[in-house]
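Novice: This is the content of start-v2.txt (compact mmCIF, C-alpha atoms and all ligand atoms):
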```txt
# COMPACT_ATOMS: atom_id res chain seq x y z
CA MET A 14 -10.15 -20.37 9.22
CA ALA A 15 -10.86 -17.62 6.73
CA ALA A 16 -8.84 -17.77 3.58
CA ILE A 17 -10.16 -15.71 0.68
CA LYS A 18 -9.68 -16.79 -2.91
CA PHE A 19 -10.50 -14.86 -6.06
CA ARG A 20 -10.51 -16.99 -9.18
CA ASN A 21 -10.65 -15.02 -12.45
CA VAL A 22 -13.12 -12.60 -10.94
CA VAL A 23 -14.62 -10.00 -13.25
CA LYS A 24 -16.56 -6.95 -12.16
CA SER A 25 -18.47 -4.77 -14.60
CA PHE A 26 -21.00 -2.02 -14.11
CA ASP A 27 -23.77 -0.64 -16.33
CA ASP A 28 -24.88 -4.02 -17.73
CA GLY A 29 -21.36 -5.03 -18.63
CA LYS A 30 -20.53 -1.82 -20.48
CA VAL A 31 -17.81 -0.75 -18.01
CA THR A 32 -15.39 -3.37 -16.73
CA VAL A 33 -13.45 -2.18 -13.70
CA ILE A 34 -11.90 -5.54 -12.75
CA PRO A 35 -11.05 -7.58 -15.85
CA ASP A 36 -9.57 -10.76 -14.35
CA LEU A 37 -8.63 -10.94 -10.69
CA SER A 38 -7.02 -13.98 -9.10
CA LEU A 39 -5.77 -13.60 -5.56
CA ASP A 40 -5.12 -15.89 -2.60
CA ILE A 41 -5.40 -14.29 0.81
CA LYS A 42 -4.31 -16.63 3.58
CA ASP A 43 -6.08 -17.30 6.84
CA LYS A 44 -5.11 -14.75 9.54
CA GLU A 45 -3.20 -12.64 7.07
CA PHE A 46 -3.19 -8.82 7.13
CA VAL A 47 -3.48 -7.88 3.49
CA VAL A 48 -3.51 -4.27 2.31
CA LEU A 49 -4.89 -3.19 -1.07
CA VAL A 50 -3.25 -0.04 -2.42
CA GLY A 51 -3.39 1.80 -5.70
CA PRO A 52 -4.48 5.08 -7.25
CA SER A 53 -7.99 6.43 -6.89
CA GLY A 54 -10.49 4.51 -8.99
CA CYS A 55 -8.32 1.39 -9.45
CA GLY A 56 -10.93 -0.89 -7.87
CA LYS A 57 -9.90 -1.26 -4.23
CA SER A 58 -13.29 -0.57 -2.68
CA THR A 59 -15.01 -2.65 -5.35
CA THR A 60 -12.77 -5.61 -4.48
CA LEU A 61 -13.54 -5.22 -0.78
CA ARG A 62 -17.25 -4.87 -1.43
CA MET A 63 -17.23 -8.06 -3.47
CA ILE A 64 -15.73 -9.92 -0.50
CA ALA A 65 -18.44 -8.44 1.73
CA GLY A 66 -21.12 -9.37 -0.76
CA LEU A 67 -22.21 -5.75 -1.16
CA GLU A 68 -21.28 -5.89 -4.83
CA GLU A 69 -22.27 -8.75 -7.12
CA ILE A 70 -19.56 -10.55 -9.04
CA SER A 71 -19.96 -10.41 -12.83
CA GLY A 72 -17.76 -13.43 -13.57
CA GLY A 73 -15.37 -15.93 -12.00
CA GLU A 74 -15.52 -17.33 -8.50
CA LEU A 75 -14.96 -16.08 -4.99
CA PHE A 76 -14.26 -18.48 -2.14
CA ILE A 77 -14.18 -17.89 1.59
CA ASP A 78 -12.80 -20.93 3.40
CA ASP A 79 -13.11 -23.04 0.29
CA LYS A 80 -16.80 -22.28 0.14
CA LYS A 81 -17.97 -20.57 -3.01
CA VAL A 82 -19.77 -17.41 -1.92
CA ASN A 83 -20.76 -15.81 -5.25
CA ASP A 84 -24.41 -16.09 -4.30
CA VAL A 85 -24.16 -15.97 -0.50
CA ALA A 86 -25.89 -12.95 1.08
CA PRO A 87 -23.67 -10.47 2.99
CA LYS A 88 -25.25 -11.35 6.33
CA ASP A 89 -24.36 -15.01 5.85
CA ARG A 90 -20.70 -14.41 5.08
CA ASP A 91 -19.55 -13.78 8.66
CA ILE A 92 -17.67 -10.67 7.68
CA ALA A 93 -17.51 -7.22 9.28
CA MET A 94 -16.73 -4.06 7.37
CA VAL A 95 -15.44 -0.76 8.73
CA PHE A 96 -15.84 2.28 6.51
CA GLN A 97 -14.05 5.58 6.24
CA ASN A 98 -17.02 7.55 7.59
CA TYR A 99 -17.54 5.20 10.60
CA ALA A 100 -21.33 5.09 10.00
CA LEU A 101 -22.18 5.18 13.72
CA TYR A 102 -25.79 5.67 14.83
CA PRO A 103 -25.80 9.30 16.04
CA HIS A 104 -28.77 8.94 18.39
CA MET A 105 -27.31 5.94 20.24
CA ASN A 106 -24.60 6.12 22.85
CA VAL A 107 -21.37 4.17 22.39
CA TYR A 108 -22.65 1.18 24.36
CA LYS A 109 -25.75 0.89 22.21
CA ASN A 110 -23.75 1.38 19.03
CA LEU A 111 -21.55 -1.54 20.04
CA ALA A 112 -24.47 -3.71 21.14
CA PHE A 113 -26.73 -3.00 18.16
CA ALA A 114 -25.79 -5.88 15.83
CA LEU A 115 -25.85 -8.36 18.72
CA ARG A 116 -29.31 -7.25 19.83
CA LEU A 117 -30.54 -7.76 16.28
CA ARG A 118 -29.26 -11.30 16.55
CA LYS A 119 -31.20 -11.66 19.79
CA MET A 120 -28.13 -12.55 21.79
CA PRO A 121 -28.80 -12.82 25.57
CA LYS A 122 -28.26 -9.52 27.41
CA LYS A 123 -25.52 -10.84 29.62
CA GLU A 124 -23.51 -12.11 26.68
CA ILE A 125 -23.95 -8.79 24.86
CA ASP A 126 -22.72 -6.95 27.92
CA GLU A 127 -19.62 -9.15 28.15
CA LYS A 128 -18.77 -8.63 24.49
CA VAL A 129 -19.33 -4.88 24.57
CA ARG A 130 -17.14 -4.50 27.66
CA TRP A 131 -14.46 -6.71 26.18
CA ALA A 132 -14.31 -4.64 22.97
CA ALA A 133 -14.41 -1.38 24.93
CA SER A 134 -11.53 -2.51 27.10
CA VAL A 135 -9.37 -3.70 24.18
CA LEU A 136 -9.95 -0.41 22.38
CA GLU A 137 -9.72 1.70 25.56
CA ILE A 138 -13.07 3.37 25.07
CA GLU A 139 -14.64 2.28 28.38
CA PRO A 140 -14.88 5.85 29.71
CA TYR A 141 -17.05 6.87 26.77
CA LEU A 142 -19.69 4.12 26.79
CA ASP A 143 -22.44 6.58 27.80
CA ARG A 144 -21.52 9.26 25.30
CA LYS A 145 -23.12 9.92 21.93
CA PRO A 146 -20.80 9.81 18.90
CA ARG A 147 -20.92 13.60 18.44
CA ALA A 148 -19.19 14.00 21.82
CA LEU A 149 -16.22 11.91 20.71
CA SER A 150 -13.04 12.80 18.84
CA GLY A 151 -12.37 11.35 15.36
CA GLY A 152 -10.04 8.72 16.77
CA GLN A 153 -12.52 7.69 19.47
CA ARG A 154 -15.30 7.37 16.88
CA GLN A 155 -13.02 5.29 14.74
CA ARG A 156 -12.41 2.96 17.66
CA VAL A 157 -16.15 2.62 18.24
CA ALA A 158 -16.52 1.67 14.58
CA LEU A 159 -13.82 -0.97 15.02
CA GLY A 160 -15.51 -2.15 18.22
CA ARG A 161 -18.78 -2.66 16.40
CA ALA A 162 -16.99 -4.95 13.99
CA MET A 163 -15.13 -6.75 16.80
CA VAL A 164 -18.13 -7.71 18.91
CA ARG A 165 -19.54 -9.68 16.00
CA ASN A 166 -16.48 -11.88 16.12
CA PRO A 167 -16.28 -12.09 12.32
CA LYS A 168 -14.09 -14.44 10.30
CA VAL A 169 -12.87 -11.54 8.21
CA PHE A 170 -12.40 -7.82 8.89
CA LEU A 171 -12.72 -5.53 5.91
CA LEU A 172 -11.53 -1.96 6.40
CA ASP A 173 -11.96 0.69 3.72
CA GLU A 174 -9.68 3.68 4.34
CA PRO A 175 -10.67 3.73 8.01
CA LEU A 176 -8.09 6.34 8.98
CA SER A 177 -8.44 8.88 6.21
CA ASN A 178 -10.54 11.28 8.30
CA LEU A 179 -7.96 11.52 11.04
CA ASP A 180 -5.07 13.94 11.45
CA ALA A 181 -1.51 12.74 10.94
CA LYS A 182 -0.70 12.06 14.60
CA LEU A 183 -3.90 10.14 15.23
CA ARG A 184 -3.45 8.14 12.05
CA THR A 185 -0.07 6.93 13.26
CA GLU A 186 -1.54 6.02 16.64
CA MET A 187 -4.54 4.20 15.15
CA ARG A 188 -2.28 2.43 12.70
CA SER A 189 -0.46 0.66 15.49
CA GLN A 190 -3.73 0.03 17.34
CA ILE A 191 -5.17 -1.76 14.33
CA THR A 192 -1.99 -3.79 13.88
CA MET A 193 -2.18 -4.83 17.55
CA LEU A 194 -5.85 -5.61 17.18
CA HIS A 195 -5.06 -7.93 14.30
CA LYS A 196 -2.41 -9.73 16.35
CA ARG A 197 -4.81 -10.09 19.22
CA LEU A 198 -7.86 -11.23 17.25
CA GLN A 199 -5.95 -13.59 14.95
CA THR A 200 -8.40 -13.11 12.07
CA THR A 201 -7.99 -12.25 8.44
CA PHE A 202 -7.85 -8.49 7.78
CA VAL A 203 -8.22 -6.90 4.35
CA TYR A 204 -7.46 -3.21 4.51
CA VAL A 205 -7.81 -0.61 1.77
CA THR A 206 -5.79 2.57 1.67
CA HIS A 207 -4.09 4.79 -0.85
CA ASP A 208 -1.47 5.71 1.70
CA GLN A 209 1.60 3.66 1.02
CA THR A 210 3.11 4.31 4.46
CA GLU A 211 0.04 2.73 6.00
CA ALA A 212 0.36 -0.20 3.62
CA MET A 213 4.07 -0.69 4.27
CA THR A 214 3.82 -0.48 8.04
CA MET A 215 0.72 -2.59 8.57
CA ALA A 216 0.63 -5.32 5.96
CA ASP A 217 1.87 -8.88 5.97
CA ARG A 218 1.43 -8.64 2.21
CA ILE A 219 0.36 -5.81 -0.08
CA VAL A 220 -1.68 -5.99 -3.27
CA ILE A 221 -0.70 -3.20 -5.65
CA MET A 222 -3.56 -2.52 -8.03
CA ASP A 223 -3.70 -0.40 -11.13
CA LYS A 224 -6.85 -0.13 -13.25
CA GLY A 225 -8.31 -3.29 -11.75
CA VAL A 226 -5.15 -5.31 -12.40
CA VAL A 227 -2.83 -6.67 -9.69
CA ARG A 228 0.66 -5.45 -10.49
CA GLN A 229 2.32 -7.27 -7.58
CA PHE A 230 1.21 -9.12 -4.45
CA ASP A 231 4.09 -9.41 -2.05
CA THR A 232 5.58 -8.55 1.33
CA PRO A 233 6.46 -4.88 1.96
CA GLN A 234 10.14 -5.80 1.96
CA LYS A 235 9.94 -7.54 -1.43
CA LEU A 236 7.94 -4.70 -3.00
CA TRP A 237 10.62 -2.32 -1.88
CA SER A 238 13.65 -4.36 -2.89
CA GLU A 239 12.29 -6.23 -5.92
CA PRO A 240 9.51 -4.23 -7.56
CA ALA A 241 8.11 -6.15 -10.51
CA ASP A 242 7.66 -3.13 -12.75
CA MET A 243 7.99 0.64 -12.94
CA PHE A 244 4.48 1.21 -11.63
CA VAL A 245 5.23 -0.66 -8.40
CA ALA A 246 8.71 0.87 -8.17
CA GLY A 247 7.27 4.36 -8.48
CA PHE A 248 4.36 3.71 -6.15
CA ILE A 249 6.29 2.33 -3.19
CA GLY A 250 8.64 4.76 -1.48
CA SER A 251 8.36 8.43 -0.77
CA PRO A 252 9.66 10.34 -2.63
CA GLY A 253 9.30 7.76 -5.42
CA MET A 254 12.08 6.02 -7.29
CA ASN A 255 14.00 8.08 -9.86
CA PHE A 256 13.83 6.80 -13.42
CA ILE A 257 16.65 7.66 -15.79
CA ASP A 258 16.99 6.57 -19.44
CA CYS A 259 20.31 4.88 -20.02
CA LEU A 260 22.23 2.93 -22.62
CA ILE A 261 23.78 -0.43 -21.80
CA VAL A 262 27.32 -0.56 -23.20
CA ARG A 263 30.47 -2.62 -22.80
CA ARG A 264 33.52 -0.66 -21.74
CA GLY A 265 36.59 -2.90 -21.60
CA GLU A 266 35.76 -5.81 -19.32
CA SER A 267 32.74 -4.15 -17.76
CA LEU A 268 29.12 -3.74 -18.67
CA CYS A 269 27.98 -0.21 -17.91
CA ALA A 270 24.92 2.00 -17.95
CA GLU A 271 25.57 5.37 -19.57
CA PHE A 272 23.28 8.32 -19.01
CA ALA A 273 23.61 12.09 -19.42
CA GLY A 274 27.37 11.82 -19.87
CA ASN A 275 27.83 9.60 -16.81
CA ARG A 276 28.70 5.95 -16.43
CA LEU A 277 27.64 3.45 -13.80
CA ARG A 278 29.24 0.01 -13.75
CA ILE A 279 26.63 -2.75 -13.64
CA PRO A 280 27.05 -4.71 -10.38
CA SER A 281 28.25 -8.26 -11.01
CA ALA A 282 25.00 -9.79 -9.72
CA LYS A 283 23.08 -8.00 -12.48
CA VAL A 284 25.50 -8.41 -15.40
CA LYS A 285 23.99 -11.65 -16.68
CA MET A 286 20.47 -10.34 -16.94
CA LEU A 287 21.55 -7.10 -18.59
CA GLU A 288 23.88 -8.67 -21.17
CA PRO A 289 21.04 -9.21 -23.67
CA TYR A 290 20.39 -5.47 -23.49
CA GLU A 291 23.88 -4.45 -24.63
CA GLY A 292 23.52 -1.61 -27.12
CA LYS A 293 19.95 -0.93 -26.04
CA ASN A 294 18.21 1.69 -23.97
CA VAL A 295 16.76 0.65 -20.64
CA VAL A 296 15.45 2.57 -17.64
CA LEU A 297 17.70 2.86 -14.63
CA GLY A 298 15.75 3.13 -11.38
CA ILE A 299 17.37 4.44 -8.24
CA ARG A 300 15.67 5.39 -5.01
CA PRO A 301 16.32 8.82 -3.48
CA GLU A 302 17.71 7.01 -0.42
CA HIS A 303 20.39 5.39 -2.55
CA ILE A 304 21.87 8.68 -3.68
CA SER A 305 23.99 10.24 -0.96
CA ALA A 306 26.17 13.31 -0.58
CA TYR A 307 29.69 12.44 -1.72
CA THR A 308 32.16 13.48 0.90
CA GLY A 309 35.35 12.23 -0.74
CA GLY A 310 37.12 9.01 0.14
CA ILE A 311 36.73 5.60 -1.33
CA ASN A 312 34.16 4.97 -3.94
CA THR A 313 33.27 1.35 -4.67
CA ARG A 314 33.53 -0.07 -8.18
CA GLU A 315 29.75 -0.09 -8.55
CA SER A 316 29.02 3.47 -7.58
CA CYS A 317 29.65 6.72 -9.36
CA VAL A 318 29.94 10.35 -8.36
CA ILE A 319 27.89 12.84 -10.32
CA THR A 320 27.97 16.54 -9.63
CA VAL A 321 24.54 18.08 -10.07
CA LYS A 322 22.99 21.48 -9.63
CA ALA A 323 20.43 21.44 -6.83
CA ASP A 324 17.37 23.50 -7.79
CA ILE A 325 15.44 22.84 -4.62
CA ALA A 326 16.65 21.63 -1.24
CA GLU A 327 13.65 20.63 0.82
CA MET A 328 14.10 20.04 4.52
CA THR A 329 12.00 17.13 5.77
CA GLY A 330 13.22 16.94 9.34
CA GLY A 331 15.92 14.30 9.52
CA ASP A 332 16.78 14.53 5.82
CA VAL A 333 16.98 16.93 2.91
CA ASN A 334 15.37 16.17 -0.45
CA VAL A 335 17.59 17.58 -3.16
CA TYR A 336 15.90 18.06 -6.57
CA PHE A 337 17.97 18.13 -9.74
CA ASN A 338 17.86 17.34 -13.46
CA LEU A 339 19.86 14.57 -15.02
CA GLY A 340 19.48 14.69 -18.80
CA GLU A 341 15.75 14.56 -19.39
CA SER A 342 14.97 13.13 -15.96
CA ARG A 343 13.81 14.98 -12.91
CA CYS A 344 15.48 13.39 -9.89
CA ILE A 345 15.48 13.57 -6.13
CA ALA A 346 18.22 12.56 -3.70
CA ARG A 347 17.43 12.09 -0.04
CA ILE A 348 20.48 12.99 1.94
CA GLY A 349 21.47 13.64 5.53
CA THR A 350 21.56 17.09 7.08
CA GLU A 351 25.29 17.01 7.95
CA LYS A 352 26.14 18.94 4.83
CA LYS A 353 24.27 22.19 4.35
CA ILE A 354 22.84 22.41 0.84
CA SER A 355 20.97 25.35 -0.65
CA ALA A 356 19.17 25.81 -3.94
CA GLY A 357 21.64 26.65 -6.71
CA ASP A 358 24.56 24.75 -5.14
CA SER A 359 26.67 22.30 -7.11
CA VAL A 360 26.54 19.06 -5.17
CA PRO A 361 28.63 15.94 -5.72
CA LEU A 362 26.33 12.93 -5.25
CA LEU A 363 27.22 9.28 -4.90
CA PHE A 364 24.93 6.91 -6.85
CA ASP A 365 24.92 3.45 -5.33
CA GLY A 366 24.94 1.07 -8.28
CA ASN A 367 24.37 -1.97 -6.08
CA SER A 368 20.94 -0.61 -5.23
CA ALA A 369 20.04 0.27 -8.82
CA HIS A 370 17.11 -1.35 -10.65
CA PHE A 371 16.74 -1.80 -14.38
CA PHE A 372 13.50 -1.85 -16.34
CA ASP A 373 12.63 -2.79 -19.90
CA LYS A 374 11.69 0.38 -21.75
CA VAL A 375 8.90 -1.26 -23.73
CA THR A 376 7.18 -3.46 -21.14
CA SER A 377 8.25 -1.42 -18.08
CA LYS A 378 8.91 -4.75 -16.33
CA ALA A 379 11.94 -5.21 -14.09
CA ILE A 380 14.75 -6.89 -15.98
CA GLY A 381 15.71 -10.26 -14.58
CA ILE A 382 12.80 -10.80 -12.19
N1 LIG B 401 -21.91 1.62 -9.08
C1 LIG B 401 -21.00 1.94 -9.99
N2 LIG B 401 -21.35 2.16 -11.29
C2 LIG B 401 -20.41 2.44 -12.21
N3 LIG B 401 -19.10 2.53 -11.97
C3 LIG B 401 -18.70 2.34 -10.72
C4 LIG B 401 -19.61 2.02 -9.66
N4 LIG B 401 -18.90 1.87 -8.51
C5 LIG B 401 -17.61 2.09 -8.84
N5 LIG B 401 -17.48 2.35 -10.15
C6 LIG B 401 -16.22 2.62 -10.87
O1 LIG B 401 -15.33 1.56 -10.63
C7 LIG B 401 -14.00 2.03 -10.54
C8 LIG B 401 -13.38 1.52 -9.26
O2 LIG B 401 -14.01 2.16 -8.16
P1 LIG B 401 -13.57 1.91 -6.66
O3 LIG B 401 -14.51 2.63 -5.80
O4 LIG B 401 -13.41 0.46 -6.44
O5 LIG B 401 -12.14 2.61 -6.65
P2 LIG B 401 -11.11 2.80 -5.45
O6 LIG B 401 -9.84 2.12 -5.86
O7 LIG B 401 -11.73 2.38 -4.17
O8 LIG B 401 -10.86 4.38 -5.49
P3 LIG B 401 -10.70 5.46 -4.28
O9 LIG B 401 -9.26 5.38 -3.85
O10 LIG B 401 -10.99 6.74 -4.95
O11 LIG B 401 -11.67 5.11 -3.20
C9 LIG B 401 -14.06 3.53 -10.64
O12 LIG B 401 -13.70 3.91 -11.95
C10 LIG B 401 -15.50 3.85 -10.35
O13 LIG B 401 -15.92 5.00 -11.04
MG MG B 402 -12.37 3.42 -2.46
```
Let me see the structure of the file written as structure tokens.
Ligand SMILES: Nc1ncnc2c1ncn2[C@@H]1O[C@H](COP(=O)(O)OP(=O)(O)OP(=O)(O)O)[C@@H](O)[C@H]1O
Ligand SMILES: [Mg+2]
Specialist:
Amino acid sequence: MAAIKFRNVVKSFDDGKVTVIPDLSLDIKDKEFVVLVGPSGCGKSTTLRMIAGLEEISGGELFIDDKKVNDVAPKDRDIAMVFQNYALYPHMNVYKNLAFALRLRKMPKKEIDEKVRWAASVLEIEPYLDRKPRALSGGQRQRVALGRAMVRNPKVFLLDEPLSNLDAKLRTEMRSQITMLHKRLQTTFVYVTHDQTEAMTMADRIVIMDKGVVRQFDTPQKLWSEPADMFVAGFIGSPGMNFIDCLIVRRGESLCAEFAGNRLRIPSAKVKMLEPYEGKNVVLGIRPEHISAYTGGINTRESCVITVKADIAEMTGGDVNVYFNLGESRCIARIGTEKKISAGDSVPLLFDGNSAHFFDKVTSKAIGI
């Protein structure tokens, strides 16, 4: 069991002059893989370091397994942390790096050997046990760092941007290795990254932080389909969601969103929550994936075709990102490669109203959630 609970936790630096976490409450479940994401400086590492006990808590309470740990020393918390820079001992070979913490604990040699070999076999680093860290690749070093955490058999794994030193291919590989490791070890993992792809692919649940405040704590699927506010909506997804100012109006029987001379009928499921906004400006959010190339044919009641001028058509492999302006808004559509599009072309695009989001202009919160 290793559930982690933050109750109104405050973290300040410089004798309380700078507060980086004003009021954090968070429940991480036993065996969960939770990822903390957010912009640089939002407090991710600080949060992780508070769990580890490397950073004192200025206010509130932190529990691990229902035990209050505010004043428990890091070594007594049964937690292992893996950092971005691995922090391996350069003069020790891989075996000794893995065995180090266990020798400090005066574990019998035979038991140490079993644990080291078990970790090395899970992480597939057995061939390198005699090598020094400098003779290993980035990915191999990263696995040694993970192995050092594993042999201690901790209740909680804390990982702070462990893959940021690796190239793209290795990152993808290590990503799935860490996910498998979590499944195999069945322990609680808290993982910090500012890479949203990492967060989306690895997490059971994601904490989205902004300036020390949790904007949303939810499954990847929910963050994608029901973002709580514009910050979350813009953070999750790549390229990010398009935001377009619009006016909610009634046209005949239908409630519509009008923007830059265009009109999108509000899907029936969203009419009720948008009715109070009739006559007001709101922000329409639509993901690049939900704007497609219009190829003629039937167009549902809730979608609309808008012809735009593409200023950039960016090939990304399987798709093309088409950049265009819509009124004051800079927008991107992510469309298939079937239709060849070049910069300067006029392109008819189909906006899928059923996938549209609406946000309050003042609070930036999603309307109706
Ligand atoms: N010892 C310290 N003294 C003063 N301020 C600090 C200290 N440590 C961190 N901070 C501040 O706390 C804020 C949060 O820092 P933190 O390292 O948690 O951010 P982060 O989300 O991990 O960012 P990054 O993605 O850049 O690693 C930052 O504004 C940082 O400058
Ligand atoms: Mg950090």
Novice: Residues up to 8 Å from ligand MG 402 (chain B), counting all atoms listed in the file: could you list those as a tab-separated table (two decimals) with C-alpha atoms, in the coordinates of the input?
Specialist:
```tsv
chain	number	residue	atom	x	y	z
A	53	SER	CA	-7.99	6.43	-6.89
A	54	GLY	CA	-10.49	4.51	-8.99
A	56	GLY	CA	-10.93	-0.89	-7.87
A	57	LYS	CA	-9.90	-1.26	-4.23
A	58	SER	CA	-13.29	-0.57	-2.68
A	59	THR	CA	-15.01	-2.65	-5.35
A	173	ASP	CA	-11.96	0.69	3.72
A	174	GLU	CA	-9.68	3.68	4.34
A	205	VAL	CA	-7.81	-0.61	1.77
A	206	THR	CA	-5.79	2.57	1.67
```
Novice: Neighbours of A:Pro35 within 9 Å (only C-alpha atoms; same-chain residues fewer than 3 positions away dropped), as a count of residues only?
Specialist: 9
Novice: Quick one: everything within 9 Å of A:Phe372, counting all atoms listed in the file, minus sequence neighbours fewer than 2 positions away in the same chain. Send it as a ChimeraX atom specification.
Specialist: /A:242-243,295-298,370,374-381
Novice: Using all atoms listed in the file, which residues sit within 10 Å of A:Arg20 once same-chain residues fewer than 5 positions away are excluded, as a short mmCIF file (atom, residue, chain, number, x, y, z; two decimals) with C-alpha atoms, keeping the file's coordinate frame?
Specialist:
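Output below, filename result29.cif:
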```cif
data_model
loop_
_atom_site.label_atom_id
_atom_site.label_comp_id
_atom_site.auth_asym_id
_atom_site.auth_seq_id
_atom_site.Cartn_x
_atom_site.Cartn_y
_atom_site.Cartn_z
CA ASP A 36 -9.57 -10.76 -14.35
CA LEU A 37 -8.63 -10.94 -10.69
CA SER A 38 -7.02 -13.98 -9.10
CA LEU A 39 -5.77 -13.60 -5.56
CA ASP A 40 -5.12 -15.89 -2.60
CA GLY A 72 -17.76 -13.43 -13.57
CA GLY A 73 -15.37 -15.93 -12.00
CA GLU A 74 -15.52 -17.33 -8.50
CA LEU A 75 -14.96 -16.08 -4.99
CA PHE A 76 -14.26 -18.48 -2.14
#
```
Novice: Could you work out how far atom CA of A:Val48 lies from atom CA of A:Leu172, giving the answer in Å with one decimal?
Specialist: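 Rounded to one decimal, the two atoms are 9.3 Å apart.
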Novice: Let me make sure I understand: among A:Ser359, A:Ser177, A:Ser368, A:Asn166, which one has the smallest atom-to-atom distance to ligand LIG 401 (chain B) if we use all atoms listed in the file?
Specialist: A:Ser177
Novice: I'd like the interatomic distance between atom CA of A:Ala270 and atom CA of A:Arg347, to a tenth of an Å.
Specialist: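 That distance, rounded to one decimal, is 21.9 Å.
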Novice: Can you measure atom CA of A:Arg300 to atom CA of A:Leu179 for me? One decimal in Å is fine.
Specialist: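 The value is 29.2 Å.
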Novice: Which residue gives the smallest distance to ligand LIG 401 (chain B) among A:Ala133, A:Leu49, A:Leu101, A:Val227, with only C-alpha atoms and all ligand atoms counted?
Specialist: A:Leu49
Novice: For each of A:Ser267, A:Thr201, A:Ser251, A:Asn83, take the minimum atom-to-atom distance to A:Pro301, counting only C-alpha atoms, then give the residue where this is smallest.
Specialist: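 So, comparing all the options, the nearest one is A:Ser251.
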Novice: Residues near A:Glu266, anyone? I mean within 12 Å using only C-alpha atoms, not counting same-chain ones fewer than 6 positions away, as a short mmCIF file (atom, residue, chain, number, x, y, z; two decimals) with C-alpha atoms, keeping the file's coordinate frame.
Specialist:
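And here's part.cif as it stands now:
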```cif
data_model
loop_
_atom_site.label_atom_id
_atom_site.label_comp_id
_atom_site.auth_asym_id
_atom_site.auth_seq_id
_atom_site.Cartn_x
_atom_site.Cartn_y
_atom_site.Cartn_z
CA ARG A 278 29.24 0.01 -13.75
CA ILE A 279 26.63 -2.75 -13.64
CA SER A 281 28.25 -8.26 -11.01
CA VAL A 284 25.50 -8.41 -15.40
#
```
Novice: Would you please work out which residue, of A:Ala306, A:Met187, A:Ile17, A:Leu61, is nearest to A:Val82 when using all atoms listed in the file?
Specialist: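 Of all the options, A:Ile17 lies closest to A:Val82.
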Novice: Write out as a list in words each polymer residue whose atoms come within 6 Å of A:Leu260, counting all atoms listed in the file; drop sequence neighbours fewer than 2 positions from it.
Specialist: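 These residues fall inside the cut-off: Ala270, Glu271, Lys293 and Asn294 of chain A.
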Novice: Taking all atoms listed in the file into account, which of A:Met222, A:Lys322, A:Ala15, A:Glu211 comes nearest ligand LIG 401 (chain B)?
Specialist: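 For ligand LIG 401 (chain B), the nearest of the candidates is A:Met222.
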Novice: Under the rule that all atoms listed in the file are counted, which of A:Lys44, A:Pro252, A:Phe26, A:Ala93 is the nearest residue to A:Ser71?
Specialist: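 Among A:Lys44, A:Pro252, A:Phe26, A:Ala93, it is A:Phe26 that comes nearest to A:Ser71.
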Novice: Counting only C-alpha atoms, which residues sit no farther than 7 Å from the position (25.4, -2.8, -19.3) in the file's frame? I'd like them as a PyMOL selection string.
Specialist: chain A and resi 261-263+268-270+279+284+287-288+291
